[in-house]
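Next comes query22.txt, with compact mmCIF, C-alpha atoms and all ligand atoms.
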# COMPACT_ATOMS: atom_id res chain seq x y z
CA MET C 6 0.00 0.00 0.00
CA SER C 7 1.22 3.45 -0.78
CA GLY C 8 2.06 5.54 2.27
CA LEU C 9 0.26 8.55 0.88
CA ILE C 10 -2.78 9.84 2.76
CA GLY C 11 -5.04 12.43 1.13
CA HIS C 12 -4.47 14.63 -1.93
CA PRO C 13 -6.90 12.99 -4.40
CA GLY C 14 -6.89 16.16 -6.50
CA ILE C 15 -3.11 16.18 -6.87
CA LEU C 16 -3.12 12.49 -7.74
CA ARG C 17 -5.58 13.18 -10.55
CA GLU C 18 -3.36 16.01 -11.74
CA LEU C 19 -0.26 13.79 -11.71
CA HIS C 20 -2.11 11.15 -13.71
CA ALA C 21 -3.12 13.69 -16.30
CA LEU C 22 0.42 15.06 -16.50
CA ALA C 23 2.03 11.63 -16.81
CA GLU C 24 -0.36 10.64 -19.56
CA SER C 25 -0.05 13.88 -21.48
CA ALA C 26 1.91 14.04 -24.72
CA ASP C 27 4.69 15.96 -23.04
CA PRO C 28 4.91 15.14 -19.30
CA PRO C 29 6.65 17.91 -17.37
CA HIS C 30 10.29 17.11 -16.64
CA ALA C 31 10.49 19.30 -13.56
CA LEU C 32 7.87 19.40 -10.81
CA LEU C 33 7.95 21.68 -7.82
CA LEU C 34 6.06 20.23 -4.86
CA ALA C 35 5.63 23.15 -2.51
CA GLY C 36 4.19 22.79 0.97
CA PRO C 37 4.91 22.07 4.61
CA GLU C 38 7.03 19.12 5.67
CA GLY C 39 5.06 15.97 6.45
CA THR C 40 2.20 16.68 4.07
CA GLY C 41 3.25 14.06 1.51
CA ARG C 42 5.37 16.07 -0.95
CA THR C 43 7.97 13.35 -1.46
CA LEU C 44 5.38 10.57 -1.73
CA LEU C 45 3.59 12.58 -4.40
CA ALA C 46 6.84 12.96 -6.32
CA LEU C 47 7.38 9.21 -6.06
CA GLU C 48 3.84 8.65 -7.29
CA TYR C 49 4.80 10.57 -10.41
CA ALA C 50 7.94 8.43 -10.73
CA LYS C 51 5.78 5.31 -10.52
CA LEU C 52 3.35 6.65 -13.10
CA LEU C 53 6.27 7.15 -15.47
CA ASN C 54 7.82 3.75 -14.74
CA CYS C 55 5.03 1.31 -13.92
CA GLU C 56 5.18 -1.66 -16.27
CA ARG C 57 1.44 -1.48 -16.72
CA ALA C 58 1.54 2.16 -17.72
CA VAL C 59 2.42 1.40 -21.33
CA PRO C 60 1.32 -1.57 -23.38
CA PRO C 61 4.20 -4.05 -23.62
CA ALA C 62 5.95 -4.50 -26.96
CA GLY C 63 3.69 -6.53 -29.24
CA ALA C 64 0.67 -4.71 -27.92
CA SER C 65 -1.20 -5.54 -31.07
CA LEU C 66 -1.92 -8.87 -29.39
CA PHE C 67 -4.42 -6.94 -27.35
CA GLY C 68 -6.05 -5.54 -30.44
CA ASP C 69 -7.39 -2.08 -29.94
CA ALA C 70 -7.99 -2.61 -26.26
CA LEU C 71 -8.19 0.60 -24.29
CA PRO C 72 -5.22 1.43 -22.13
CA PRO C 73 -5.57 0.03 -18.59
CA ALA C 74 -7.92 1.98 -16.37
CA VAL C 75 -6.29 4.93 -14.70
CA SER C 76 -6.97 3.53 -11.25
CA ASN C 77 -4.73 0.52 -11.98
CA ILE C 78 -1.70 2.70 -12.49
CA PRO C 79 0.64 2.73 -10.78
CA CYS C 80 0.02 -0.94 -10.00
CA ASN C 81 2.28 -0.99 -6.92
CA GLU C 82 3.05 -4.61 -7.80
CA CYS C 83 5.46 -4.60 -10.71
CA ARG C 84 9.19 -4.48 -10.12
CA PRO C 85 9.67 -0.71 -10.65
CA CYS C 86 6.63 0.13 -8.49
CA ARG C 87 7.80 -2.13 -5.68
CA HIS C 88 11.35 -0.82 -5.74
CA ILE C 89 10.16 2.76 -5.70
CA ASN C 90 7.83 2.02 -2.76
CA GLU C 91 10.63 0.25 -0.91
CA GLY C 92 13.11 3.06 -1.53
CA THR C 93 15.50 0.70 -3.32
CA HIS C 94 15.16 1.84 -6.93
CA PRO C 95 18.64 2.69 -8.24
CA ASP C 96 17.33 5.46 -10.50
CA ILE C 97 15.45 7.42 -7.85
CA ILE C 98 18.07 9.75 -6.51
CA THR C 99 17.84 12.47 -3.89
CA LEU C 100 20.05 15.52 -4.04
CA ALA C 101 20.30 17.29 -0.69
CA PRO C 102 22.75 19.66 1.00
CA GLY C 103 25.87 17.74 1.98
CA ASP C 104 28.07 15.43 -0.03
CA THR C 105 25.48 13.79 -2.30
CA LEU C 106 26.72 13.56 -5.90
CA CYS C 107 29.69 15.83 -5.10
CA ARG C 108 31.96 15.89 -8.12
CA PRO C 109 35.06 18.08 -7.92
CA ARG C 110 36.02 20.05 -11.00
CA ALA C 111 38.29 18.20 -13.42
CA GLY C 112 41.88 18.83 -12.36
CA GLU C 113 40.88 20.14 -8.95
CA THR C 114 43.58 18.70 -6.70
CA SER C 115 42.06 19.09 -3.26
CA HIS C 116 38.34 19.23 -2.74
CA GLU C 117 37.39 19.35 0.89
CA ARG C 118 34.52 17.10 1.89
CA HIS C 119 31.41 18.94 3.04
CA PRO C 120 28.97 16.46 4.58
CA LEU C 121 27.50 19.17 6.82
CA SER C 122 27.16 21.94 4.26
CA ARG C 123 23.83 23.72 4.36
CA ASP C 124 23.72 24.53 0.65
CA ILE C 125 23.46 22.50 -2.49
CA ARG C 126 26.85 23.27 -3.98
CA ILE C 127 28.07 23.69 -7.50
CA CYS C 128 30.15 20.48 -7.25
CA GLN C 129 26.89 18.62 -6.56
CA VAL C 130 25.23 20.22 -9.55
CA ARG C 131 28.20 19.02 -11.61
CA GLY C 132 27.42 15.55 -10.31
CA VAL C 133 23.79 15.92 -11.38
CA ILE C 134 24.71 17.07 -14.88
CA ASP C 135 27.09 14.15 -15.22
CA LEU C 136 24.47 11.70 -14.01
CA VAL C 137 21.78 13.08 -16.29
CA SER C 138 24.07 12.65 -19.30
CA ARG C 139 24.06 8.90 -18.72
CA TYR C 140 21.25 6.41 -19.17
CA PRO C 141 19.38 5.18 -16.11
CA PHE C 142 20.33 1.73 -14.80
CA GLU C 143 16.92 0.24 -15.37
CA ALA C 144 14.22 2.90 -15.21
CA ARG C 145 12.37 4.21 -18.21
CA THR C 146 12.52 7.55 -16.46
CA ARG C 147 14.97 8.41 -13.73
CA MET C 148 13.84 10.83 -11.05
CA ILE C 149 16.12 13.25 -9.24
CA LEU C 150 14.51 14.65 -6.10
CA ILE C 151 15.95 17.92 -4.90
CA ASP C 152 15.11 18.42 -1.25
CA PRO C 153 15.02 21.07 0.06
CA ALA C 154 15.11 22.93 -3.23
CA GLU C 155 15.50 26.38 -1.67
CA ARG C 156 19.05 25.50 -0.67
CA PHE C 157 20.70 26.10 -4.00
CA GLY C 158 23.50 28.59 -3.76
CA ARG C 159 23.34 31.25 -6.46
CA ASP C 160 26.05 29.73 -8.64
CA SER C 161 24.66 26.23 -8.37
CA ALA C 162 21.17 27.50 -9.20
CA HIS C 163 22.42 29.11 -12.39
CA THR C 164 24.46 26.07 -13.29
CA ILE C 165 21.54 23.68 -13.07
CA LEU C 166 19.10 25.84 -15.05
CA LYS C 167 19.78 24.45 -18.48
CA THR C 168 19.60 20.84 -17.30
CA LEU C 169 16.38 21.58 -15.48
CA GLU C 170 14.92 23.09 -18.60
CA GLU C 171 15.97 20.45 -21.08
CA PRO C 172 16.94 17.21 -19.42
CA PRO C 173 17.30 14.22 -21.73
CA GLY C 174 14.02 12.34 -22.09
CA HIS C 175 14.97 9.72 -19.52
CA THR C 176 15.22 12.03 -16.49
CA VAL C 177 12.71 14.13 -14.57
CA PHE C 178 13.28 16.39 -11.58
CA ALA C 179 11.10 16.81 -8.52
CA LEU C 180 11.91 19.84 -6.40
CA ILE C 181 10.60 19.70 -2.85
CA SER C 182 10.31 22.88 -0.84
CA ALA C 183 8.61 24.32 2.23
CA ALA C 184 9.87 27.77 1.27
CA PRO C 185 9.35 28.17 -2.48
CA GLU C 186 9.57 31.96 -2.15
CA ALA C 187 13.26 31.49 -1.37
CA ILE C 188 13.89 29.79 -4.73
CA ILE C 189 15.10 32.03 -7.52
CA GLU C 190 12.53 32.89 -10.17
CA THR C 191 14.48 31.41 -13.06
CA ILE C 192 14.29 28.00 -11.40
CA LEU C 193 10.63 28.38 -10.44
CA SER C 194 9.68 29.29 -13.98
CA ARG C 195 11.09 26.01 -15.27
CA CYS C 196 9.01 23.87 -12.93
CA ARG C 197 5.43 22.75 -12.97
CA ARG C 198 4.34 23.92 -9.54
CA ILE C 199 2.02 21.83 -7.39
CA ASP C 200 0.99 23.23 -4.02
CA VAL C 201 0.67 20.55 -1.38
CA HIS C 202 -1.62 21.67 1.43
CA THR C 203 -2.34 20.14 4.80
CA VAL C 204 -4.88 17.31 4.88
CA ALA C 205 -8.22 17.30 6.74
CA ARG C 206 -8.08 15.67 10.16
CA ALA C 207 -10.84 13.16 9.38
CA GLU C 208 -9.04 12.07 6.21
CA ILE C 209 -5.83 11.45 8.14
CA GLU C 210 -7.68 9.56 10.86
CA ALA C 211 -9.40 7.34 8.28
CA GLY C 212 -6.06 6.78 6.52
CA LEU C 213 -4.45 5.63 9.77
CA VAL C 214 -7.32 3.27 10.60
CA GLU C 215 -7.06 1.85 7.08
CA ARG C 216 -3.42 1.09 7.85
CA GLY C 217 -4.36 -0.87 10.93
CA VAL C 218 -3.85 1.79 13.60
CA ALA C 219 -6.23 1.38 16.55
CA PRO C 220 -9.09 3.90 16.28
CA ALA C 221 -8.36 5.76 19.52
CA LEU C 222 -4.68 6.19 18.66
CA ALA C 223 -5.58 7.15 15.09
CA ALA C 224 -7.85 9.91 16.35
CA GLU C 225 -5.24 11.21 18.76
CA ALA C 226 -2.40 11.09 16.22
CA ALA C 227 -4.51 12.73 13.51
CA THR C 228 -5.38 15.62 15.82
CA ALA C 229 -1.81 16.08 17.02
CA SER C 230 -0.46 16.00 13.44
CA ARG C 231 -2.27 19.20 12.50
CA GLY C 232 -2.90 18.23 8.92
CA ARG C 233 0.37 16.45 8.21
CA PRO C 234 -0.15 12.79 7.44
CA GLY C 235 3.58 12.07 7.64
CA ARG C 236 3.68 13.30 11.18
CA ALA C 237 0.47 11.44 12.04
CA LEU C 238 2.07 8.19 10.87
CA ALA C 239 5.14 8.93 12.98
CA PHE C 240 2.91 9.61 16.01
CA ALA C 241 0.98 6.39 15.40
CA ASN C 242 4.22 4.41 15.17
CA GLU C 243 5.74 6.08 18.18
CA PRO C 244 3.09 7.56 20.49
CA ASP C 245 5.81 8.91 22.82
CA LEU C 246 6.42 11.64 20.24
CA MET C 247 3.04 13.05 21.15
CA GLY C 248 4.32 13.40 24.72
CA VAL C 249 7.23 15.44 23.39
CA ARG C 250 4.71 17.65 21.67
CA LYS C 251 2.69 18.02 24.85
CA ARG C 252 5.80 19.18 26.70
CA LEU C 253 6.50 21.70 23.95
CA LEU C 254 3.01 23.13 24.38
CA GLU C 255 3.53 23.37 28.13
CA ARG C 256 6.72 25.27 27.45
CA CYS C 257 4.80 27.65 25.17
CA GLU C 258 2.37 28.23 28.03
CA ARG C 259 5.24 29.13 30.35
CA ILE C 260 6.96 31.44 27.88
CA ALA C 261 3.71 33.16 26.94
CA THR C 262 3.23 34.27 30.54
CA ALA C 263 6.90 35.02 31.20
CA SER C 264 8.58 38.40 31.52
CA ASN C 265 10.20 40.05 28.51
CA ALA C 266 13.62 39.15 29.92
CA ASP C 267 12.67 35.47 30.01
CA ARG C 268 11.25 35.65 26.52
CA PHE C 269 14.49 37.08 25.20
CA ARG C 270 16.52 34.39 26.91
CA TYR C 271 14.27 31.86 25.24
CA SER C 272 14.71 33.57 21.88
CA GLU C 273 18.47 33.53 22.27
CA GLU C 274 18.42 29.82 23.02
CA MET C 275 16.21 29.08 20.03
CA ALA C 276 18.33 31.16 17.64
CA GLU C 277 21.44 29.38 18.87
CA ARG C 278 19.78 26.00 18.36
CA TRP C 279 18.65 27.01 14.85
CA ARG C 280 22.28 26.93 13.72
CA ARG C 281 22.69 23.23 14.50
CA ASP C 282 19.21 21.74 14.68
CA ARG C 283 16.60 23.36 12.49
CA ALA C 284 14.08 20.57 12.83
CA THR C 285 13.50 21.02 16.56
CA VAL C 286 13.15 24.78 16.15
CA LEU C 287 10.59 24.33 13.38
CA ASN C 288 8.77 21.84 15.61
CA GLU C 289 8.68 24.44 18.30
CA ILE C 290 7.33 27.05 15.88
CA ASP C 291 4.60 24.52 15.00
CA ALA C 292 3.87 24.12 18.70
CA TRP C 293 3.44 27.87 18.98
CA GLU C 294 1.00 27.80 16.12
CA ALA C 295 -1.01 25.04 17.82
CA PHE C 296 -0.88 26.96 21.08
CA TRP C 297 -2.33 30.16 19.61
CA GLU C 298 -4.87 28.30 17.52
CA ASP C 299 -6.18 26.70 20.71
CA ARG C 300 -6.40 30.12 22.35
CA LEU C 301 -8.18 31.52 19.36
CA ARG C 302 -10.72 28.69 19.32
CA ALA C 303 -11.36 29.04 23.05
CA ALA C 304 -11.82 32.80 22.83
CA ALA C 305 -14.07 32.58 19.79
CA ARG C 306 -16.45 30.30 21.71
CA VAL C 307 -17.24 33.04 24.25
CA SER C 308 -20.10 35.23 23.09
CA GLY C 309 -22.50 37.79 24.53
CA GLN C 310 -21.82 40.81 26.70
CA GLY C 311 -20.04 41.54 29.94
CA PRO C 312 -16.42 41.46 31.09
CA ALA C 313 -15.78 37.86 29.98
CA ALA C 314 -16.90 38.65 26.45
CA THR C 315 -14.76 41.79 26.35
CA VAL C 316 -11.71 39.80 27.40
CA ALA C 317 -12.53 37.13 24.83
CA ARG C 318 -12.74 39.69 22.05
CA ALA C 319 -9.31 41.01 23.00
CA ASP C 320 -8.08 37.42 23.05
CA VAL C 321 -9.28 36.87 19.52
CA VAL C 322 -7.37 39.92 18.35
CA GLY C 323 -4.25 38.95 20.31
CA ALA C 324 -4.23 35.32 19.15
CA THR C 325 -4.83 36.32 15.55
CA ALA C 326 -1.84 38.69 15.66
CA ALA C 327 0.22 35.96 17.32
CA LEU C 328 -0.64 33.48 14.59
CA ARG C 329 0.42 35.95 11.94
CA ALA C 330 3.68 36.47 13.82
CA VAL C 331 4.29 32.70 13.97
CA GLN C 332 3.73 32.33 10.23
CA ARG C 333 6.04 35.20 9.54
CA ALA C 334 8.77 33.82 11.79
CA ARG C 335 8.58 30.48 10.01
CA ASP C 336 8.82 32.17 6.62
CA ASP C 337 11.70 34.38 7.78
CA LEU C 338 13.64 31.45 9.20
CA GLN C 339 13.26 29.46 6.03
CA ALA C 340 14.19 32.45 3.90
CA GLN C 341 17.44 32.68 5.89
CA VAL C 342 16.61 35.89 7.74
CA MET C 343 18.74 36.25 10.91
CA ALA C 344 17.20 33.73 13.27
CA ARG C 345 17.51 35.87 16.36
CA ALA C 346 15.71 38.81 14.74
CA ALA C 347 12.95 36.59 13.38
CA ILE C 348 12.30 34.92 16.73
CA ASP C 349 12.52 38.15 18.73
CA LEU C 350 9.97 39.73 16.45
CA MET C 351 7.66 36.77 16.88
CA LEU C 352 7.86 36.83 20.67
CA LEU C 353 7.34 40.59 20.78
CA SER C 354 4.16 40.17 18.77
CA PHE C 355 2.64 37.76 21.27
CA PRO C 356 0.07 39.25 23.61
CA ARG C 357 0.75 38.66 27.26
CA SER C 358 -2.38 39.95 28.95
CA THR C 359 -4.80 37.37 27.68
CA LEU C 360 -3.86 34.05 29.13
CA GLY C 361 -6.84 33.36 31.30
CA GLY C 362 -5.12 34.66 34.42
CA PRO C 363 -5.69 38.15 35.79
CA VAL C 364 -5.89 40.66 32.96
CA GLN C 365 -2.81 42.85 33.07
CA GLU C 366 -2.50 46.33 31.71
CA ASP C 367 0.29 45.85 29.26
CA THR C 368 -0.37 47.86 26.15
CA ALA C 369 3.24 47.56 25.04
CA SER C 370 2.79 43.85 24.46
CA HIS C 371 0.50 44.44 21.49
CA ALA C 372 3.33 45.18 19.14
ZN ZN K 401 3.60 -0.93 -11.53
ZN ZN K 402 31.93 18.99 -3.35

Could you write out this file's structure as structure tokens?
Ligand SMILES: [Zn+2]
Ligand SMILES: [Zn+2]
Amino acid sequence: MSGLIGHPGILRELHALAESADPPHALLLAGPEGTGRTLLALEYAKLLNCERAVPPAGASLFGDALPPAVSNIPCNECRPCRHINEGTHPDIITLAPGDTLCRPRAGETSHERHPLSRDIRICQVRGVIDLVSRYPFEARTRMILIDPAERFGRDSAHTILKTLEEPPGHTVFALISAAPEAIIETILSRCRRIDVHTVARAEIEAGLVERGVAPALAAEAATASRGRPGRALAFANEPDLMGVRKRLLERCERIATASNADRFRYSEEMAERWRRDRATVLNEIDAWEAFWEDRLRAAARVSGQGPAATVARADVVGATAALRAVQRARDDLQAQVMARAAIDLMLLSFPRSTLGGPVQEDTASHA
């Protein structure tokens, strides 16, 4: 079974693209991590490689039979489909920051290794161009996944342009990005862009149950995943991760009621961590989003007149501003804005007077 949950519309689109006279040779799958971007790219790879997708040689045996029904492709049973699903296909290649495909310039005598580099470097692009010039091992169509695609350095971006635009017929690219606005326009314009959004909670829950997850756990994991099936699957496989998330939310609660000095200490710690461990910082930003969404929902439930309603209305305004600040911080971080500045700005935008405790007069907090 494919790991993908949700996105029926995108699947239809990928089918149509794969069956068109001129399937796009560069896709951009843009959307948050955990939504299924990579699985969708692999779906496209299967569509282009499934043995049932084209009539075998000697198709006249089948007379004028219609091509197999769309729903049978990819079959997930033939050799290419299985190898793609298992992650063992030799022609599905991922280019990421680090040493992947690094190919020093001809005659370059010393090329320092760079397994921890944060960019996709020009030596790696050289490796891609070299690879693309050769035939795939066994695939009809090789796929090169570039993830995350916003990490091209300027030189490497320019160097890959021509290959991206006109790869030989046996190679397609799939660019994966949570921050497509950080990708240069000349690259964007060469890709068929597909926006991958979060998935409805009920759809994720049903998808987990279909995969044999116990209903109660499926419901809990779907809720905690906030629209990201990949994360929901991880939660279902390892429920302890939800405890980690709960602790993050408790931390948000503490910071939200803390003094400015404490908030800045927290910001400093997060910015420092961003340099070595982006994933946990992004997780924490997600936790902040969940935190303020909960506040917003709670406040929006209060209606009518009187002091409680007045406080609730202020809460709605405060939480809405906070959510905008969270989104902006996430965008800024991914667009390589100075982490400290981005996080400070976010924390300054959080209201402090609206956390259910005594209402404080603190106009300065509504930045
Ligand atoms: Zn197949
Ligand atoms: Zn290199």

Near-ligand residues for ligand ZN 402 (chain K), threshold 12 Å, only C-alpha atoms and all ligand atoms, as number ranges by chain: C: 102-111, 113, 115-122, 124-133, 161

For range 255-269 of chain C: contacts at 10 Å, only C-alpha atoms, fewer than 4 positions along chain excluded, given as a VMD selection string: chain C and resid 249 to 251 273 to 275 289 to 290 292 to 297 345 348 to 349 352 to 353 355 to 360 362 370

All residues having an atom within 10 Å of ligand ZN 401 (chain K) (all atoms listed in the file) as a list in words: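 Within the 10 Å cut-off, the matching residues are Lys51, Leu52, Leu53, Asn54, Cys55, Glu56, Arg57, Ala58, Asn77, Ile78, Pro79, Cys80, Asn81, Glu82, Cys83, Arg84, Pro85, Cys86, Arg87, His88 and Ile89 of chain C.
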
Exercise on range 172-177 of chain C, axis-aligned box with 8 Å per side, report centre and edge lengths in Å to one decimal, as JSON:
{"center_x": 15.0, "center_y": 13.5, "center_z": -18.3, "size_x": 20.6, "size_y": 23.5, "size_z": 23.5}

Residue contacts of range 148-158 of chain C (6 Å, all atoms listed in the file) excluding same-chain residues fewer than 6 positions away, as a list of chain:residue names: C:Ile97, C:Ile98, C:Thr99, C:Leu100, C:Ala101, C:Asp124, C:Ile125, C:Thr176, C:Val177, C:Phe178, C:Ala179, C:Leu180, C:Ile181, C:Ser182, C:Ala187, C:Ile188

Convert the current residue selection to file output with C-alpha atoms, as a PDB file, keeping the file's coordinate frame.
ATOM      1  CA  ILE C  97      15.450   7.420  -7.850  1.00  0.00           C
ATOM      2  CA  ILE C  98      18.070   9.750  -6.510  1.00  0.00           C
ATOM      3  CA  THR C  99      17.840  12.470  -3.890  1.00  0.00           C
ATOM      4  CA  LEU C 100      20.050  15.520  -4.040  1.00  0.00           C
ATOM      5  CA  ALA C 101      20.300  17.290  -0.690  1.00  0.00           C
ATOM      6  CA  ASP C 124      23.720  24.530   0.650  1.00  0.00           C
ATOM      7  CA  ILE C 125      23.460  22.500  -2.490  1.00  0.00           C
ATOM      8  CA  THR C 176      15.220  12.030 -16.490  1.00  0.00           C
ATOM      9  CA  VAL C 177      12.710  14.130 -14.570  1.00  0.00           C
ATOM     10  CA  PHE C 178      13.280  16.390 -11.580  1.00  0.00           C
ATOM     11  CA  ALA C 179      11.100  16.810  -8.520  1.00  0.00           C
ATOM     12  CA  LEU C 180      11.910  19.840  -6.400  1.00  0.00           C
ATOM     13  CA  ILE C 181      10.600  19.700  -2.850  1.00  0.00           C
ATOM     14  CA  SER C 182      10.310  22.880  -0.840  1.00  0.00           C
ATOM     15  CA  ALA C 187      13.260  31.490  -1.370  1.00  0.00           C
ATOM     16  CA  ILE C 188      13.890  29.790  -4.730  1.00  0.00           C
TER      17      ILE C 188
END

I'd like a table as a tab-separated table: residues in range 163-197 of chain C with an atom no more than 9 Å from range 323-344 of chain C, each row giving the shortest atom pair and its distance in Å to one decimal, all atoms listed in the file counted, sorted by chain and rising residue number.
residue	atom	partner	partner_atom	distance
C:Ala183	CA	C:Gln339	CA	7.9
C:Ala184	CA	C:Gln339	CA	6.1
C:Glu186	CA	C:Ala340	CA	7.6
C:Ala187	CA	C:Ala340	CA	5.4

CA of Leu9 in chain C to CA of Glu225 in chain C, distance in Å rounded to a single decimal: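 Between these atoms lies a distance of 18.9 Å.
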
Interatomic distance (Å, one decimal) between CA of Gly92 in chain C and CA of Pro234 in chain C: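 Separating CA of Gly92 in chain C from CA of Pro234 in chain C is a distance of 18.7 Å.
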
Atomic distance CA of Pro37 in chain C - CA of Val201 in chain C, expressed in Å with one decimal: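 If I compute the distance from CA of Pro37 in chain C to CA of Val201 in chain C, I get 7.5 Å.
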
Surrounding residues of Arg233 in chain C excluding itself and chain neighbours under 4 positions, 7 Å, only C-alpha atoms, as a PyMOL selection string: chain C and resi 39-40+203-204+237

Keeping only C-alpha atoms, write the selected residues as an mmCIF file, keeping the file's coordinate frame.
data_model
loop_
_atom_site.group_PDB
_atom_site.id
_atom_site.type_symbol
_atom_site.label_atom_id
_atom_site.label_comp_id
_atom_site.auth_asym_id
_atom_site.auth_seq_id
_atom_site.Cartn_x
_atom_site.Cartn_y
_atom_site.Cartn_z
ATOM 1 C CA GLY C 39 5.060 15.970 6.450
ATOM 2 C CA THR C 40 2.200 16.680 4.070
ATOM 3 C CA THR C 203 -2.340 20.140 4.800
ATOM 4 C CA VAL C 204 -4.880 17.310 4.880
ATOM 5 C CA ALA C 237 0.470 11.440 12.040
#
